Structure formats: C-alpha cells, structure tokens
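Down below is the structure, laid out as structure tokens.
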Amino acid sequence: MASLRRRGFLSVAGGAVAALSGCVSNGITGSRRAFDTTVYVGSYHWGFILVDDTGTEHDRITFDSGDSVEIVAFNTSAETALEKLPAAVREAIPDHETLEERNEERIPPPSNGDLHDVLEEANEKYPDHSLAVMPSGRNMGHMGEGGMMLRPIPLPADATSTTTARLSASERGDYTPICHTDCGYGHDYMYLDGAFVVE
C-alpha cells in the first residue's frame, strides 16, 4: 500500500479540539467547496481502511499543513451507503475474508475461543462503529482526554449514506483514527496508529 502526500489536515487552536469547517454531514450532496484532498475511511470489525479517490488503499497518509481535507467515512457493512461511493473506491474495499485475515495478523486470539467465532458474534451483536481522530499515543481510549481532533462520527451498519467530515488544519504531528463504539472482542485493537501525518 502506498503513502499519499497532500497538503492540509487538522486545525488546532492552542492544542485544543480542531475547528471543523462545515462540520459533519450525511452524504455528499449539493454544491461543495473544493478540497485539497478527499480520503475515504471505511470501518470494519476491527480496523479501518484508507482509500484515496483513485481507489488506492494506503497504510498512512501524509499531508502538508495549511490545506483542507474531506473525510468520507462509512461502515463497510452498510451496503446502501457503499453503493453511493465512487466506483473506484467501492471496488477497492477488501472482501470480508481479506479483512478477517488482517485481523488474524494483528489481534491475538481470545483465550476461550476462536478469533473467527468472536468475529462472527461481533458482526451480529455489535454491527456499528464510529470514527474519531486523535493525536497518536495520547490517551486514545479516553474520549475526554488527549486532545481529540475529530469527535466520534457514528458509522452504523444500516446507514443509507456516507458521513462527511470537513477538516482544515495546521497542527503538525501524527494522528490516529480510532473507534469509540463498543464492537466486541477486537474493539481495543480498532485503530490505525499514526495513519494521518501532518508535516
């Protein structure tokens, strides 16, 4: 997977929560302001995928400070929302088996069962996720701490559209997408450490 280099990301005033320009909206309709880049962030049990508008998946995306970013977030189980994604992005989303293999590479199996079994249980009992963005390494598990840069965006499995967050920023550093919605056994592993970098 490649690394994307573009300008812009999270705006921070004195280390506080980032200002959202345009905040969060459902879907992508009407006239939109031009953004320097658009990043598609898909949630799944138990991780995130980052895809650019060409359909290329990335492990890490690097931005220069000063420009704006549009984050289009979705739950990979939300079939109706997925239909509204650009074809290149939709086709880049790995299938369920591939995502499960990724989990096996980074999540330890439960002491009293099989990772596949707890994944299937989570898909049924805890289908929803969320997306928050926090400075890497700073109390990521605690919503009220650590200078959260993007408060949690709900990503329900039954969503009929994507959710768009429009961010503009200049605070240098590494930022981690993380889930703040309990989603079963692997919830504690549902983050991409340092996946967004502002230079």
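As shown in the structure tokens, the chain order sets the letters A, B, ...; within each chain, residues go from 1, and ligands are also counted from 1 in the order they appear.
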Set the distance at 9 Å and use only C-alpha atoms: which residues neighbour range 103-112 of chain A once local chain neighbours fewer than 4 positions away are removed? I'd like the list as a PyMOL selection string. chain A and resi 45-47+98-99+116+118+185-186+189
Could you name the residues that touch His58 in chain A at 12 Å or less, counting only C-alpha atoms, but leaving out those on the same chain fewer than 2 positions away, as a VMD selection string? chain A and resid 1 to 5 39 to 42 48 to 56 60 to 62 92 to 93 192 195 to 196
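For the pair CA of Thr160 in chain A and CA of Thr181 in chain A, the separation is 18.8 Å.
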Neighbour list for Asp182 in chain A as a ChimeraX atom specification, cut-off 12 Å, only C-alpha atoms, skip fewer than 3 positions in-chain: /A:45-46,122-123,125-131,141,154-156,178-179,185-190
Atoms kept (C-alpha atoms) for selection, written as a PDB file, in the first residue's frame:
ATOM      1  CA  HIS A  45     -14.509  -5.391  12.594  1.00  0.00           C
ATOM      2  CA  TRP A  46     -11.792  -4.445  13.801  1.00  0.00           C
ATOM      3  CA  ALA A 122     -19.426  -9.250  16.845  1.00  0.00           C
ATOM      4  CA  ASN A 123     -20.775  -8.849  13.310  1.00  0.00           C
ATOM      5  CA  LYS A 125     -24.296  -8.322  18.080  1.00  0.00           C
ATOM      6  CA  TYR A 126     -22.196  -5.167  17.558  1.00  0.00           C
ATOM      7  CA  PRO A 127     -22.545  -4.114  13.909  1.00  0.00           C
ATOM      8  CA  ASP A 128     -21.941  -0.390  14.428  1.00  0.00           C
ATOM      9  CA  HIS A 129     -18.680   1.560  14.637  1.00  0.00           C
ATOM     10  CA  SER A 130     -17.553   5.172  14.851  1.00  0.00           C
ATOM     11  CA  LEU A 131     -14.591   7.226  13.680  1.00  0.00           C
ATOM     12  CA  GLY A 141      -9.047   5.089  24.758  1.00  0.00           C
ATOM     13  CA  PRO A 154     -21.290   7.345  14.138  1.00  0.00           C
ATOM     14  CA  LEU A 155     -20.877   4.701  11.418  1.00  0.00           C
ATOM     15  CA  PRO A 156     -23.908   2.407  11.725  1.00  0.00           C
ATOM     16  CA  ILE A 178      -9.950   5.090  16.344  1.00  0.00           C
ATOM     17  CA  CYS A 179     -13.366   3.565  17.064  1.00  0.00           C
ATOM     18  CA  TYR A 185     -13.772  -8.624  21.326  1.00  0.00           C
ATOM     19  CA  GLY A 186     -11.425  -6.761  18.975  1.00  0.00           C
ATOM     20  CA  HIS A 187     -12.652  -3.247  19.820  1.00  0.00           C
ATOM     21  CA  ASP A 188      -9.458  -2.447  21.753  1.00  0.00           C
ATOM     22  CA  TYR A 189      -7.468  -3.081  18.554  1.00  0.00           C
ATOM     23  CA  MET A 190      -9.655  -0.928  16.309  1.00  0.00           C
TER      24      MET A 190
END
Would you pick out the contacts of Tyr175 in chain A at 8 Å or less, using only C-alpha atoms, so that residues sharing its chain but fewer than 4 positions from it are not included, and give the list as a list in words? Val133, Met134, Pro135, Ser136, Asp193, Gly194, Ala195, Phe196 and Val197 of chain A
Residues from the last selection, N, CA, C and O atoms, saved as an mmCIF file, in the first residue's frame:
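What follows is the written file selection_26.cif:
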data_model
loop_
_atom_site.group_PDB
_atom_site.id
_atom_site.type_symbol
_atom_site.label_atom_id
_atom_site.label_comp_id
_atom_site.auth_asym_id
_atom_site.auth_seq_id
_atom_site.Cartn_x
_atom_site.Cartn_y
_atom_site.Cartn_z
ATOM 1 N N VAL A 133 -10.638 10.905 15.502
ATOM 2 C CA VAL A 133 -9.226 11.090 15.153
ATOM 3 C C VAL A 133 -8.556 11.795 16.316
ATOM 4 O O VAL A 133 -9.013 12.845 16.770
ATOM 5 N N MET A 134 -7.475 11.188 16.817
ATOM 6 C CA MET A 134 -6.782 11.701 17.999
ATOM 7 C C MET A 134 -5.279 11.757 17.753
ATOM 8 O O MET A 134 -4.763 10.991 16.947
ATOM 9 N N PRO A 135 -4.596 12.638 18.474
ATOM 10 C CA PRO A 135 -3.135 12.620 18.394
ATOM 11 C C PRO A 135 -2.635 11.236 18.812
ATOM 12 O O PRO A 135 -3.122 10.673 19.787
ATOM 13 N N SER A 136 -1.724 10.691 18.093
ATOM 14 C CA SER A 136 -1.225 9.345 18.381
ATOM 15 C C SER A 136 -0.583 9.278 19.753
ATOM 16 O O SER A 136 0.138 10.186 20.164
ATOM 17 N N ASP A 193 -2.714 3.318 14.163
ATOM 18 C CA ASP A 193 -1.770 4.201 14.839
ATOM 19 C C ASP A 193 -0.968 5.040 13.839
ATOM 20 O O ASP A 193 -0.297 4.509 12.957
ATOM 21 N N GLY A 194 -1.063 6.356 13.994
ATOM 22 C CA GLY A 194 -0.287 7.283 13.154
ATOM 23 C C GLY A 194 -0.621 7.245 11.686
ATOM 24 O O GLY A 194 0.215 7.577 10.854
ATOM 25 N N ALA A 195 -1.858 6.905 11.342
ATOM 26 C CA ALA A 195 -2.221 6.762 9.927
ATOM 27 C C ALA A 195 -2.295 8.109 9.192
ATOM 28 O O ALA A 195 -2.127 8.161 7.987
ATOM 29 N N PHE A 196 -2.538 9.184 9.929
ATOM 30 C CA PHE A 196 -2.538 10.520 9.328
ATOM 31 C C PHE A 196 -1.341 11.278 9.891
ATOM 32 O O PHE A 196 -1.140 11.337 11.105
ATOM 33 N N VAL A 197 -0.579 11.887 8.999
ATOM 34 C CA VAL A 197 0.605 12.653 9.407
ATOM 35 C C VAL A 197 0.522 14.037 8.808
ATOM 36 O O VAL A 197 0.289 14.193 7.607
#
Please determine, counting only C-alpha atoms, which residue among A:Ala78, A:Val72, A:Ala87, A:Val198 has the shortest atom-to-atom distance to Arg172 in chain A.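 Checking each candidate against Arg172 in chain A, we get A:Val198 as the closest.
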Atom pair CA of Thr38 in chain A / CA of Glu101 in chain A: separation (Å): 27.2 Å
